[in-house]
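my_file_17.tsv (TSV, C-alpha atoms and all ligand atoms) appears below.
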```tsv
chain	number	residue	atom	x	y	z
A	11	MET	CA	-2.27	8.84	-14.26
A	12	THR	CA	0.58	11.31	-13.90
A	13	ASP	CA	3.92	9.78	-14.77
A	14	THR	CA	5.81	11.80	-12.17
A	15	ALA	CA	4.26	9.71	-9.38
A	16	LEU	CA	5.45	6.52	-10.97
A	17	SER	CA	5.10	4.47	-7.86
A	18	VAL	CA	1.33	4.67	-8.09
A	19	SER	CA	1.18	2.97	-11.47
A	20	ARG	CA	4.05	0.46	-11.33
A	21	SER	CA	3.44	-3.28	-11.06
A	22	SER	CA	3.65	-4.67	-7.54
A	23	VAL	CA	7.01	-6.35	-8.19
A	24	GLU	CA	8.55	-3.17	-9.57
A	25	ARG	CA	7.02	-1.16	-6.75
A	26	ARG	CA	8.76	-3.42	-4.23
A	27	LYS	CA	12.07	-3.58	-6.09
A	28	VAL	CA	12.71	0.15	-6.19
A	29	LEU	CA	12.75	0.36	-2.42
A	30	ALA	CA	15.90	-1.73	-2.03
A	31	ASP	CA	18.44	0.63	-3.57
A	32	ASP	CA	16.85	4.03	-3.74
A	33	ALA	CA	16.37	6.24	-0.67
A	34	THR	CA	14.22	8.68	-2.67
A	35	ALA	CA	11.91	5.83	-3.64
A	36	ARG	CA	11.62	4.90	0.02
A	37	LEU	CA	10.67	8.47	0.91
A	38	GLU	CA	8.25	8.56	-2.03
A	39	ARG	CA	6.56	5.42	-0.69
A	40	MET	CA	6.33	6.99	2.76
A	41	PHE	CA	4.68	10.04	1.16
A	42	GLU	CA	2.29	7.67	-0.54
A	43	ILE	CA	1.41	5.78	2.65
A	44	ARG	CA	0.95	8.96	4.70
A	45	GLY	CA	-1.02	10.66	1.91
A	46	PHE	CA	-3.16	7.58	1.38
A	47	GLU	CA	-4.10	7.30	5.04
A	48	GLU	CA	-4.79	11.03	5.43
A	49	ARG	CA	-7.15	10.88	2.49
A	50	LEU	CA	-8.69	7.66	3.74
A	51	ASN	CA	-9.39	9.26	7.11
A	52	ALA	CA	-11.18	12.11	5.33
A	53	LEU	CA	-13.23	9.66	3.26
A	54	PHE	CA	-14.39	7.88	6.41
A	55	ALA	CA	-15.09	11.21	8.14
A	56	THR	CA	-17.36	12.38	5.33
A	57	GLY	CA	-19.23	9.06	5.23
A	58	ALA	CA	-17.90	8.15	1.77
A	59	ILE	CA	-16.68	4.90	3.37
A	60	HIS	CA	-18.62	3.14	6.12
A	61	GLY	CA	-17.34	1.23	9.10
A	62	THR	CA	-14.01	1.77	10.72
A	63	THR	CA	-10.32	1.76	9.91
A	64	HIS	CA	-7.01	1.59	11.78
A	65	LEU	CA	-4.31	3.93	10.57
A	66	ALA	CA	-0.55	3.48	10.79
A	67	MET	CA	0.44	7.14	10.55
A	68	GLY	CA	3.80	7.48	12.30
A	69	GLN	CA	4.71	3.86	11.56
A	70	GLU	CA	5.58	4.17	7.87
A	71	ALA	CA	9.31	3.60	8.31
A	72	LEU	CA	8.68	0.11	9.59
A	73	ALA	CA	6.65	-0.98	6.58
A	74	VAL	CA	9.02	0.56	4.05
A	75	SER	CA	12.15	-0.85	5.74
A	76	LEU	CA	10.70	-4.33	5.82
A	77	ALA	CA	9.62	-4.19	2.17
A	78	ALA	CA	13.09	-2.98	1.19
A	79	GLU	CA	14.71	-6.01	2.81
A	80	LEU	CA	12.39	-8.83	1.74
A	81	ARG	CA	12.43	-10.92	-1.40
A	82	PRO	CA	9.19	-11.40	-3.32
A	83	THR	CA	9.14	-15.07	-2.26
A	84	ASP	CA	9.14	-14.21	1.45
A	85	LEU	CA	5.86	-14.11	3.37
A	86	VAL	CA	4.46	-11.55	5.79
A	87	THR	CA	1.57	-11.65	8.23
A	88	ALA	CA	0.27	-8.30	9.40
A	89	THR	CA	-2.63	-6.91	11.39
A	90	TYR	CA	-5.81	-4.90	10.88
A	91	ARG	CA	-3.45	-1.86	10.85
A	92	GLY	CA	-2.13	-3.13	7.55
A	93	HIS	CA	-2.57	-0.56	4.77
A	94	ALA	CA	1.00	0.69	5.13
A	95	MET	CA	2.38	-2.83	4.89
A	96	ALA	CA	0.34	-3.59	1.77
A	97	LEU	CA	1.42	-0.39	0.03
A	98	ALA	CA	5.05	-0.87	1.05
A	99	LEU	CA	5.14	-4.45	-0.16
A	100	GLY	CA	3.92	-3.31	-3.54
A	101	MET	CA	0.14	-3.37	-3.66
A	102	SER	CA	-1.18	-0.42	-5.63
A	103	PRO	CA	-3.10	2.33	-3.84
A	104	ARG	CA	-5.93	1.54	-6.24
A	105	ALA	CA	-6.15	-2.10	-5.12
A	106	VAL	CA	-5.94	-1.12	-1.44
A	107	LEU	CA	-8.61	1.58	-1.73
A	108	ALA	CA	-10.88	-0.61	-3.84
A	109	GLU	CA	-10.61	-3.30	-1.16
A	110	ILE	CA	-11.47	-0.83	1.58
A	111	MET	CA	-14.41	0.51	-0.44
A	112	GLY	CA	-15.77	-2.99	-1.05
A	113	LYS	CA	-15.24	-2.88	-4.82
A	114	SER	CA	-14.62	-6.07	-6.74
A	115	GLU	CA	-11.28	-4.67	-7.99
A	116	GLY	CA	-9.96	-4.78	-4.44
A	117	SER	CA	-7.14	-7.10	-3.45
A	118	THR	CA	-9.59	-9.72	-2.18
A	119	GLY	CA	-12.52	-8.65	-4.30
A	120	GLY	CA	-13.68	-6.13	-1.71
A	121	LEU	CA	-14.69	-8.91	0.68
A	122	GLY	CA	-12.04	-8.29	3.32
A	123	GLY	CA	-12.14	-4.53	3.69
A	124	SER	CA	-9.75	-2.33	5.64
A	125	MET	CA	-8.72	-4.97	8.18
A	126	HIS	CA	-7.99	-7.72	5.67
A	127	VAL	CA	-5.93	-6.27	2.86
A	128	SER	CA	-3.83	-9.09	1.48
A	129	ASP	CA	-2.38	-10.44	-1.73
A	130	ASP	CA	-0.44	-13.60	-2.60
A	131	ASP	CA	1.49	-11.74	-5.30
A	132	ILE	CA	3.23	-9.52	-2.77
A	133	GLY	CA	3.62	-12.23	-0.12
A	134	LEU	CA	1.12	-10.58	2.20
A	135	LEU	CA	-0.90	-13.37	3.77
A	136	PRO	CA	-4.38	-12.55	4.98
A	137	THR	CA	-4.03	-9.84	7.61
A	138	PHE	CA	-5.44	-10.60	11.03
A	139	ALA	CA	-8.02	-8.83	13.18
A	140	ILE	CA	-7.45	-11.25	16.05
A	141	VAL	CA	-4.55	-9.92	18.10
A	142	GLY	CA	-1.55	-12.26	17.86
A	143	ALA	CA	-3.15	-14.55	15.27
A	144	GLY	CA	-0.53	-13.82	12.62
A	145	LEU	CA	2.40	-15.14	14.68
A	146	PRO	CA	1.62	-18.88	14.55
A	147	VAL	CA	0.71	-18.53	10.88
A	148	ALA	CA	4.10	-16.95	10.11
A	149	ALA	CA	5.81	-19.66	12.18
A	150	GLY	CA	3.87	-22.25	10.15
A	151	ALA	CA	4.96	-20.65	6.87
A	152	ALA	CA	8.54	-20.71	8.15
A	153	LEU	CA	8.19	-24.38	9.03
A	154	ALA	CA	7.02	-25.04	5.47
A	155	PHE	CA	10.07	-23.18	4.08
A	156	GLN	CA	12.38	-25.15	6.34
A	157	TYR	CA	10.74	-28.46	5.40
A	158	LYS	CA	11.06	-27.73	1.69
A	159	GLY	CA	14.68	-26.60	2.01
A	160	ASP	CA	13.71	-23.20	0.62
A	161	ASP	CA	15.67	-20.17	1.88
A	162	SER	CA	12.62	-17.92	2.09
A	163	VAL	CA	11.76	-16.15	5.30
A	164	ALA	CA	8.44	-15.46	7.04
A	165	VAL	CA	7.85	-12.28	9.02
A	166	ALA	CA	5.11	-11.74	11.57
A	167	VAL	CA	4.33	-8.06	12.14
A	168	PHE	CA	2.31	-7.37	15.29
A	169	GLY	CA	1.78	-4.78	17.98
A	170	ASP	CA	3.03	-4.40	21.53
A	171	GLY	CA	-0.33	-5.60	22.85
A	172	ALA	CA	0.11	-8.90	21.01
A	173	THR	CA	3.12	-9.77	23.16
A	174	ASN	CA	0.68	-10.43	26.02
A	175	ILE	CA	-1.23	-13.02	23.99
A	176	GLY	CA	-0.58	-16.74	24.38
A	177	ALA	CA	0.01	-17.17	20.65
A	178	PHE	CA	3.04	-14.86	20.90
A	179	HIS	CA	4.71	-17.07	23.51
A	180	GLU	CA	3.78	-20.34	21.82
A	181	SER	CA	5.08	-19.11	18.47
A	182	LEU	CA	8.37	-17.82	19.85
A	183	ASN	CA	8.90	-21.02	21.80
A	184	LEU	CA	8.33	-23.34	18.83
A	185	ALA	CA	10.24	-21.12	16.44
A	186	ALA	CA	13.22	-21.09	18.81
A	187	ILE	CA	13.30	-24.81	19.47
A	188	TRP	CA	12.88	-25.64	15.77
A	189	LYS	CA	15.13	-22.77	14.59
A	190	LEU	CA	12.50	-21.62	12.14
A	191	PRO	CA	13.33	-19.00	9.49
A	192	VAL	CA	11.00	-16.39	10.92
A	193	VAL	CA	11.33	-12.82	12.13
A	194	PHE	CA	8.97	-11.59	14.84
A	195	LEU	CA	8.64	-7.87	14.24
A	196	CYS	CA	6.94	-6.04	17.08
A	197	ASP	CA	5.67	-2.60	16.23
A	198	ASN	CA	5.70	-1.10	19.70
A	199	ASN	CA	3.56	1.99	19.21
A	200	VAL	CA	3.05	2.45	22.97
A	201	TYR	CA	-0.70	1.73	22.93
A	202	GLY	CA	-3.03	-1.25	22.66
A	203	GLU	CA	-6.46	0.15	21.85
A	204	TYR	CA	-7.06	2.86	24.49
A	205	SER	CA	-4.49	1.71	27.04
A	206	ARG	CA	-0.93	2.93	27.34
A	207	ILE	CA	1.59	0.12	27.58
A	208	ASN	CA	2.39	0.83	31.26
A	209	LEU	CA	-1.21	-0.06	32.18
A	210	THR	CA	-1.16	-3.47	30.52
A	211	THR	CA	2.40	-4.73	30.43
A	212	PRO	CA	4.95	-4.88	33.26
A	213	ILE	CA	7.89	-4.03	30.98
A	214	GLU	CA	8.26	-1.39	28.26
A	215	ASP	CA	11.18	-3.08	26.45
A	216	LEU	CA	9.44	-5.95	24.79
A	217	HIS	CA	12.51	-7.37	23.06
A	218	LEU	CA	13.53	-8.60	26.53
A	219	ARG	CA	10.85	-11.26	26.17
A	220	ALA	CA	13.07	-13.06	23.63
A	221	ALA	CA	15.40	-14.08	26.46
A	222	SER	CA	12.79	-16.58	27.71
A	223	TYR	CA	13.17	-18.39	24.43
A	224	ALA	CA	16.96	-18.07	24.12
A	225	MET	CA	16.24	-16.07	20.99
A	226	PRO	CA	18.37	-13.22	19.62
A	227	ALA	CA	16.67	-9.84	19.86
A	228	GLU	CA	17.11	-6.35	18.49
A	229	VAL	CA	15.60	-3.09	19.57
A	230	VAL	CA	15.53	-0.30	17.06
A	231	ASP	CA	14.23	3.23	16.58
A	232	GLY	CA	11.28	2.40	14.35
A	233	MET	CA	10.90	6.05	13.34
A	234	ASP	CA	14.24	5.85	11.55
A	235	VAL	CA	14.04	4.04	8.24
A	236	THR	CA	17.81	3.55	7.93
A	237	ALA	CA	18.27	2.07	11.40
A	238	THR	CA	15.18	-0.11	11.08
A	239	ARG	CA	16.35	-1.44	7.78
A	240	ALA	CA	19.74	-2.36	9.21
A	241	ALA	CA	18.17	-4.22	12.14
A	242	LEU	CA	15.79	-6.07	9.84
A	243	ALA	CA	18.61	-6.95	7.45
A	244	ARG	CA	20.42	-8.68	10.32
A	245	ALA	CA	17.32	-10.56	11.48
A	246	ILE	CA	16.23	-11.58	7.98
A	247	GLY	CA	19.79	-12.60	7.09
A	248	ARG	CA	19.99	-14.77	10.22
A	249	ALA	CA	16.69	-16.48	9.36
A	250	ARG	CA	17.71	-17.02	5.73
A	251	THR	CA	21.01	-18.65	6.61
A	252	GLY	CA	19.74	-21.17	9.15
A	253	GLY	CA	20.30	-19.04	12.24
A	254	GLY	CA	16.67	-19.24	13.31
A	255	PRO	CA	14.27	-16.61	14.58
A	256	THR	CA	14.83	-13.11	15.94
A	257	LEU	CA	12.52	-10.83	17.88
A	258	VAL	CA	12.85	-7.27	16.61
A	259	GLU	CA	11.20	-4.53	18.61
A	260	ALA	CA	10.72	-1.29	16.72
A	261	LYS	CA	9.88	1.68	18.93
A	262	THR	CA	7.23	3.68	17.08
A	263	TYR	CA	4.22	5.81	17.90
A	264	ARG	CA	0.66	5.81	16.66
A	265	PHE	CA	-0.11	9.37	15.51
A	266	ALA	CA	-3.86	8.66	15.10
A	267	GLY	CA	-6.20	7.05	17.62
A	268	HIS	CA	-6.68	3.28	17.75
A	269	SER	CA	-9.38	3.42	15.12
A	270	ARG	CA	-11.29	6.05	13.22
A	271	ALA	CA	-13.64	7.15	16.01
A	272	ASP	CA	-10.89	7.41	18.64
A	273	THR	CA	-9.50	10.90	19.22
A	274	ALA	CA	-7.05	9.50	21.83
A	275	PRO	CA	-8.02	11.79	24.73
A	276	TYR	CA	-6.10	9.44	27.05
A	277	ARG	CA	-2.66	10.49	25.80
A	278	PRO	CA	-0.49	12.32	28.35
A	279	ALA	CA	0.03	15.98	27.44
A	280	GLY	CA	2.97	16.53	25.13
A	281	GLU	CA	3.44	12.87	24.20
A	282	LEU	CA	2.10	13.15	20.64
A	283	GLU	CA	4.17	16.28	20.04
A	284	TYR	CA	7.31	14.53	21.32
A	285	TRP	CA	6.84	11.76	18.76
A	286	GLN	CA	5.78	14.10	15.97
A	287	GLU	CA	9.22	15.67	16.30
A	288	ARG	CA	10.52	12.23	15.34
A	289	ASP	CA	8.08	11.80	12.43
A	290	PRO	CA	9.62	9.15	10.17
A	291	VAL	CA	8.59	10.93	6.98
A	292	LYS	CA	10.12	14.18	8.17
A	293	ARG	CA	13.30	12.39	9.23
A	294	ALA	CA	13.71	10.51	5.96
A	295	ARG	CA	13.24	13.80	4.09
A	296	GLU	CA	15.82	15.57	6.28
A	297	GLU	CA	18.28	12.71	5.82
A	298	LEU	CA	18.00	13.01	2.02
A	299	VAL	CA	18.39	16.77	2.07
A	300	ALA	CA	21.45	16.43	4.33
A	301	GLY	CA	22.85	14.05	1.70
A	302	GLY	CA	22.46	16.66	-1.03
A	303	ALA	CA	18.90	16.17	-2.36
A	304	SER	CA	16.96	19.29	-3.30
A	305	ALA	CA	14.24	20.15	-0.77
A	306	ASP	CA	12.18	21.70	-3.57
A	307	GLU	CA	12.36	18.57	-5.65
A	308	LEU	CA	11.24	16.47	-2.71
A	309	ALA	CA	8.32	18.84	-2.15
A	310	ARG	CA	7.39	18.46	-5.82
A	311	LEU	CA	7.60	14.69	-5.48
A	312	GLU	CA	5.30	14.83	-2.47
A	313	SER	CA	2.70	16.87	-4.32
A	314	SER	CA	2.85	14.66	-7.40
A	315	VAL	CA	2.25	11.61	-5.19
A	316	GLY	CA	-0.68	13.46	-3.61
A	317	ALA	CA	-2.13	14.35	-7.01
A	318	ALA	CA	-1.86	10.75	-8.17
A	319	LEU	CA	-3.62	9.60	-5.00
A	320	ASP	CA	-6.43	12.09	-5.60
A	321	GLU	CA	-6.84	10.61	-9.06
A	322	VAL	CA	-6.95	7.09	-7.62
A	323	ILE	CA	-9.71	8.14	-5.23
A	324	GLU	CA	-11.80	9.53	-8.07
A	325	VAL	CA	-11.33	6.39	-10.15
A	326	VAL	CA	-12.12	3.98	-7.31
A	327	GLN	CA	-15.17	5.92	-6.15
A	328	ALA	CA	-16.56	5.67	-9.67
A	329	LEU	CA	-16.14	1.88	-9.82
A	330	PRO	CA	-19.42	-0.03	-9.65
A	331	ASP	CA	-20.53	-1.27	-6.25
A	332	PRO	CA	-21.23	-4.98	-5.83
A	333	VAL	CA	-24.75	-6.13	-6.57
A	334	VAL	CA	-26.80	-7.79	-3.84
A	335	THR	CA	-26.54	-11.27	-5.36
A	336	ASP	CA	-22.72	-11.08	-5.09
A	337	MET	CA	-23.13	-11.96	-1.43
A	338	PHE	CA	-23.89	-15.53	-2.51
A	339	ASN	CA	-20.57	-15.89	-4.33
A	340	ASN	CA	-17.79	-17.84	-2.64
A	341	ILE	CA	-20.26	-19.67	-0.43
A	342	TRP	CA	-20.25	-23.42	-0.55
A	343	THR	CA	-23.69	-24.95	-0.70
A	344	PRO	CA	-24.19	-28.69	-0.50
A	345	THR	CA	-26.52	-29.80	-3.25
A	346	THR	CA	-26.94	-33.32	-1.94
A	347	ARG	CA	-26.90	-34.56	1.60
A	348	LYS	CA	-25.58	-37.98	2.43
A	349	ALA	CA	-28.27	-40.01	4.15
A	350	ASP	CA	-27.54	-40.85	7.78
A	351	SER	CA	-26.39	-44.40	8.08
A	401	LIG	C1	-7.50	-11.87	20.80
A	401	LIG	C2	-8.02	-10.47	20.76
A	401	LIG	N1	-8.24	-9.82	21.92
A	401	LIG	C3	-8.70	-8.53	21.90
A	401	LIG	C4	-8.97	-7.91	20.70
A	401	LIG	C5	-9.45	-6.47	20.68
A	401	LIG	N2	-8.36	-5.61	20.20
A	401	LIG	C6	-8.32	-5.17	18.93
A	401	LIG	S1	-6.96	-4.25	18.63
A	401	LIG	C7	-6.41	-4.42	20.19
A	401	LIG	C8	-5.13	-3.76	20.63
A	401	LIG	C9	-3.91	-4.42	20.12
A	401	LIG	O1	-2.80	-3.62	20.38
A	401	LIG	P1	-1.42	-3.84	19.70
A	401	LIG	O2	-1.13	-5.30	19.61
A	401	LIG	O3	-0.45	-3.00	20.42
A	401	LIG	O4	-1.61	-3.34	18.19
A	401	LIG	P2	-1.90	-1.87	17.65
A	401	LIG	O5	-3.40	-1.73	17.56
A	401	LIG	O6	-1.30	-0.89	18.56
A	401	LIG	O7	-1.31	-1.82	16.28
A	401	LIG	C10	-7.28	-5.19	20.95
A	401	LIG	C11	-7.09	-5.52	22.38
A	401	LIG	C12	-8.75	-8.64	19.50
A	401	LIG	N3	-8.98	-8.12	18.30
A	401	LIG	N4	-8.24	-9.89	19.55
A	402	MG	MG	0.21	-1.10	19.94
```

Before we go any further, please render this structure as structure tokens.
Amino acid sequence: MTDTALSVSRSSVERRKVLADDATARLERMFEIRGFEERLNALFATGAIHGTTHLAMGQEALAVSLAAELRPTDLVTATYRGHAMALALGMSPRAVLAEIMGKSEGSTGGLGGSMHVSDDDIGLLPTFAIVGAGLPVAAGAALAFQYKGDDSVAVAVFGDGATNIGAFHESLNLAAIWKLPVVFLCDNNVYGEYSRINLTTPIEDLHLRAASYAMPAEVVDGMDVTATRAALARAIGRARTGGGPTLVEAKTYRFAGHSRADTAPYRPAGELEYWQERDPVKRAREELVAGGASADELARLESSVGAALDEVIEVVQALPDPVVTDMFNNIWTPTTRKADS
């Protein structure tokens, strides 16, 4: 492992900690997330990994900002589009890739795959393929924190489409009435599967939905890591100090299609290009350079992260695949049956 790309080999706690105070570390993590997903896409395209995957390219600022603001004792629920969140919260690229490739070294022993990357150690609860399913679970975790008198916070990360699901409304309602220490973080990337938001949802500003629950709300440019962090700091701080829940809407854009096979032919002309101009990785880089960082050094950092990721891919591909009998592990089998009475 190269020691220039330190973030790839640090422990999960250290990997999380560096994000709080160091803007270069935040950019480095965004390089890692973008580089990881680009390589992952290529691995799926060449058939090296089977099945499908949902990429979060364009949404890296959200994951990194959240990770920078949370404590290790806080809990997060995320979605099937969760690689960025796992990497930001501190999971190693090796553990994420091994999980996606079904290797036993993966974060859940390779049993969850791309849609279910999770790890207790980084506070990432099982990620959810059912749209909206993470919200009541985060509210439940927040209720447990409140009950125990613990000042930890739970965060539910979900998409714009999830705000049309019953579980969204039920969770916000209960969280508001019980003043739960939870942040509802909506990653509004304009699309739910193959439908633009205007075709499925009567409003585009989803934070307005908080008003129905007398809940504070924030709307933030989710392509801007600094602004997103500030908004999340306010919401997390409110939850931690007994102020109850907040709905934060981060305006982002999904650079890739919904899933691997989707080339997104339904996008209006020019829309992708408009958002690519606002690329969060590009913006974070420009912000650092404007603050005096050397553009060459940042380019070197980016290539060292890429080289370390290439090494991770080689290592993980060479790991042994599970054997057929492994499918019987983790299955409960009754050995005796109680006679009917
Ligand atoms: C309850 C439920 N309904 C439908 C689906 C099918 N589905 C999978 S992803 C998705 C779109 C969700 O969009 P959004 O919440 O905006 O998240 P994004 O994919 O944009 O991150 C849908 C409808 C599902 N998984 N769960
Ligand atoms: Mg969406």

Please, which residues in chain A fall within 8 Å of ligand LIG 401 (chain A) when counting all atoms listed in the file, and what is the closest atom pair and distance in Å to one decimal for each, ordered by chain then residue number, as a Markdown table?
```
| residue | atom | partner | partner_atom | distance |
| --- | --- | --- | --- | --- |
| A:His64 | CA | A:LIG401 | O5 | 7.6 |
| A:Ala66 | CA | A:LIG401 | O7 | 7.7 |
| A:Thr89 | CA | A:LIG401 | O7 | 7.2 |
| A:Tyr90 | CA | A:LIG401 | O7 | 7.7 |
| A:Arg91 | CA | A:LIG401 | O7 | 5.8 |
| A:Ala139 | CA | A:LIG401 | N3 | 5.3 |
| A:Ile140 | CA | A:LIG401 | N4 | 3.8 |
| A:Val141 | CA | A:LIG401 | N4 | 4.0 |
| A:Gly142 | CA | A:LIG401 | C1 | 6.6 |
| A:Ala143 | CA | A:LIG401 | C1 | 7.5 |
| A:Phe168 | CA | A:LIG401 | O2 | 5.9 |
| A:Gly169 | CA | A:LIG401 | O2 | 3.4 |
| A:Asp170 | CA | A:LIG401 | O3 | 3.9 |
| A:Gly171 | CA | A:LIG401 | O2 | 3.4 |
| A:Ala172 | CA | A:LIG401 | O2 | 4.1 |
| A:Thr173 | CA | A:LIG401 | O2 | 7.1 |
| A:Ile175 | CA | A:LIG401 | C1 | 7.1 |
| A:Asp197 | CA | A:LIG401 | O7 | 7.0 |
| A:Asn198 | CA | A:LIG401 | O3 | 6.5 |
| A:Asn199 | CA | A:LIG401 | O6 | 5.7 |
| A:Val200 | CA | A:LIG401 | O3 | 7.0 |
| A:Tyr201 | CA | A:LIG401 | O6 | 5.1 |
| A:Gly202 | CA | A:LIG401 | O1 | 3.3 |
| A:Glu203 | CA | A:LIG401 | C8 | 4.3 |
| A:Tyr204 | CA | A:LIG401 | C8 | 7.9 |
| A:Arg264 | CA | A:LIG401 | O6 | 7.2 |
| A:His268 | CA | A:LIG401 | O5 | 6.0 |
```

Fill in: Close residues, region 245-254 of chain A itself excluded, 9 Å, only C-alpha atoms, min 6 positions apart in chain, as number ranges by chain
A: 79-80, 156, 160-165, 185-193, 225-228

Selected residues written out, C-alpha atoms, as a compact mmCIF listing (two decimals), in the frame of the given file:
```txt
# COMPACT_ATOMS: atom_id res chain seq x y z
CA GLU A 79 14.71 -6.01 2.81
CA LEU A 80 12.39 -8.83 1.74
CA GLN A 156 12.38 -25.15 6.34
CA ASP A 160 13.71 -23.20 0.62
CA ASP A 161 15.67 -20.17 1.88
CA SER A 162 12.62 -17.92 2.09
CA VAL A 163 11.76 -16.15 5.30
CA ALA A 164 8.44 -15.46 7.04
CA VAL A 165 7.85 -12.28 9.02
CA ALA A 185 10.24 -21.12 16.44
CA ALA A 186 13.22 -21.09 18.81
CA ILE A 187 13.30 -24.81 19.47
CA TRP A 188 12.88 -25.64 15.77
CA LYS A 189 15.13 -22.77 14.59
CA LEU A 190 12.50 -21.62 12.14
CA PRO A 191 13.33 -19.00 9.49
CA VAL A 192 11.00 -16.39 10.92
CA VAL A 193 11.33 -12.82 12.13
CA MET A 225 16.24 -16.07 20.99
CA PRO A 226 18.37 -13.22 19.62
CA ALA A 227 16.67 -9.84 19.86
CA GLU A 228 17.11 -6.35 18.49
```

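Counting only C-alpha atoms and all ligand atoms, the residue from A:Ser314, A:Thr273, A:Thr211, A:Thr345 that sits nearest to ligand MG 402 (chain A) is A:Thr211.
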
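Nearest to ligand MG 402 (chain A) of all the residues A:Leu182, A:Ala240, A:Ala266, A:Val325 is A:Ala266, counting all atoms listed in the file.
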
What lies within 12 Å of Glu324 (chain A) using only C-alpha atoms, ignoring chain neighbours under 3 positions off, as a PDB file with C-alpha atoms, in the frame of the given file?
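selection-v3.pdb written:
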```pdb
ATOM      1  CA  MET A  11      -2.270   8.840 -14.260  1.00  0.00           C
ATOM      2  CA  ARG A  49      -7.150  10.880   2.490  1.00  0.00           C
ATOM      3  CA  LEU A  53     -13.230   9.660   3.260  1.00  0.00           C
ATOM      4  CA  ALA A  58     -17.900   8.150   1.770  1.00  0.00           C
ATOM      5  CA  ARG A 104      -5.930   1.540  -6.240  1.00  0.00           C
ATOM      6  CA  LEU A 107      -8.610   1.580  -1.730  1.00  0.00           C
ATOM      7  CA  ALA A 108     -10.880  -0.610  -3.840  1.00  0.00           C
ATOM      8  CA  ALA A 317      -2.130  14.350  -7.010  1.00  0.00           C
ATOM      9  CA  ALA A 318      -1.860  10.750  -8.170  1.00  0.00           C
ATOM     10  CA  LEU A 319      -3.620   9.600  -5.000  1.00  0.00           C
ATOM     11  CA  ASP A 320      -6.430  12.090  -5.600  1.00  0.00           C
ATOM     12  CA  GLU A 321      -6.840  10.610  -9.060  1.00  0.00           C
ATOM     13  CA  GLN A 327     -15.170   5.920  -6.150  1.00  0.00           C
ATOM     14  CA  ALA A 328     -16.560   5.670  -9.670  1.00  0.00           C
ATOM     15  CA  LEU A 329     -16.140   1.880  -9.820  1.00  0.00           C
TER      16      LEU A 329
END
```

Practice prompt. Within 12 Å of Asn340 (chain A), counting all atoms listed in the file, which residues show up once you throw out same-chain ones fewer than 6 positions away? Write them as an MDAnalysis selection string, please.
Written response: chainID A and resid 118:119 121

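Our summary of the geometry notes that CA of Val322 (chain A) is positioned 9.6 Å from CA of Ala105 (chain A).
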
Around the point (-16.8, 5.3, 7.5) in the file's coordinates, collect all residues with an atom within 12 Å, using all atoms listed in the file, and return them as a tab-separated table (two decimals) with C-alpha atoms, keeping the file's coordinate frame.
```
chain	number	residue	atom	x	y	z
A	50	LEU	CA	-8.69	7.66	3.74
A	51	ASN	CA	-9.39	9.26	7.11
A	52	ALA	CA	-11.18	12.11	5.33
A	53	LEU	CA	-13.23	9.66	3.26
A	54	PHE	CA	-14.39	7.88	6.41
A	55	ALA	CA	-15.09	11.21	8.14
A	56	THR	CA	-17.36	12.38	5.33
A	57	GLY	CA	-19.23	9.06	5.23
A	58	ALA	CA	-17.90	8.15	1.77
A	59	ILE	CA	-16.68	4.90	3.37
A	60	HIS	CA	-18.62	3.14	6.12
A	61	GLY	CA	-17.34	1.23	9.10
A	62	THR	CA	-14.01	1.77	10.72
A	63	THR	CA	-10.32	1.76	9.91
A	64	HIS	CA	-7.01	1.59	11.78
A	110	ILE	CA	-11.47	-0.83	1.58
A	111	MET	CA	-14.41	0.51	-0.44
A	112	GLY	CA	-15.77	-2.99	-1.05
A	123	GLY	CA	-12.14	-4.53	3.69
A	124	SER	CA	-9.75	-2.33	5.64
A	269	SER	CA	-9.38	3.42	15.12
A	270	ARG	CA	-11.29	6.05	13.22
A	271	ALA	CA	-13.64	7.15	16.01
```

Practice prompt. Around the point (-4.1, 0.2, 0.2), in the coordinates given by the file, pick out the residues reaching within 10 Å, counting only C-alpha atoms, and return them as number ranges by chain.
Written response: A: 42-43, 46-47, 50, 92-98, 100-110, 116-117, 123-124, 127-128

Quick one: residues within 12 Å of Pro82 (chain A), all atoms listed in the file counted, chain neighbours fewer than 5 positions away excluded, as a CSV table (one decimal) with C-alpha atoms, in the coordinates of the input?
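Here's the written file around_19.csv:
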```
chain,number,residue,atom,x,y,z
A,22,SER,CA,3.6,-4.7,-7.5
A,23,VAL,CA,7.0,-6.4,-8.2
A,24,GLU,CA,8.6,-3.2,-9.6
A,25,ARG,CA,7.0,-1.2,-6.8
A,26,ARG,CA,8.8,-3.4,-4.2
A,27,LYS,CA,12.1,-3.6,-6.1
A,30,ALA,CA,15.9,-1.7,-2.0
A,76,LEU,CA,10.7,-4.3,5.8
A,77,ALA,CA,9.6,-4.2,2.2
A,99,LEU,CA,5.1,-4.4,-0.2
A,100,GLY,CA,3.9,-3.3,-3.5
A,129,ASP,CA,-2.4,-10.4,-1.7
A,130,ASP,CA,-0.4,-13.6,-2.6
A,131,ASP,CA,1.5,-11.7,-5.3
A,132,ILE,CA,3.2,-9.5,-2.8
A,133,GLY,CA,3.6,-12.2,-0.1
A,134,LEU,CA,1.1,-10.6,2.2
A,162,SER,CA,12.6,-17.9,2.1
A,163,VAL,CA,11.8,-16.2,5.3
A,164,ALA,CA,8.4,-15.5,7.0
```
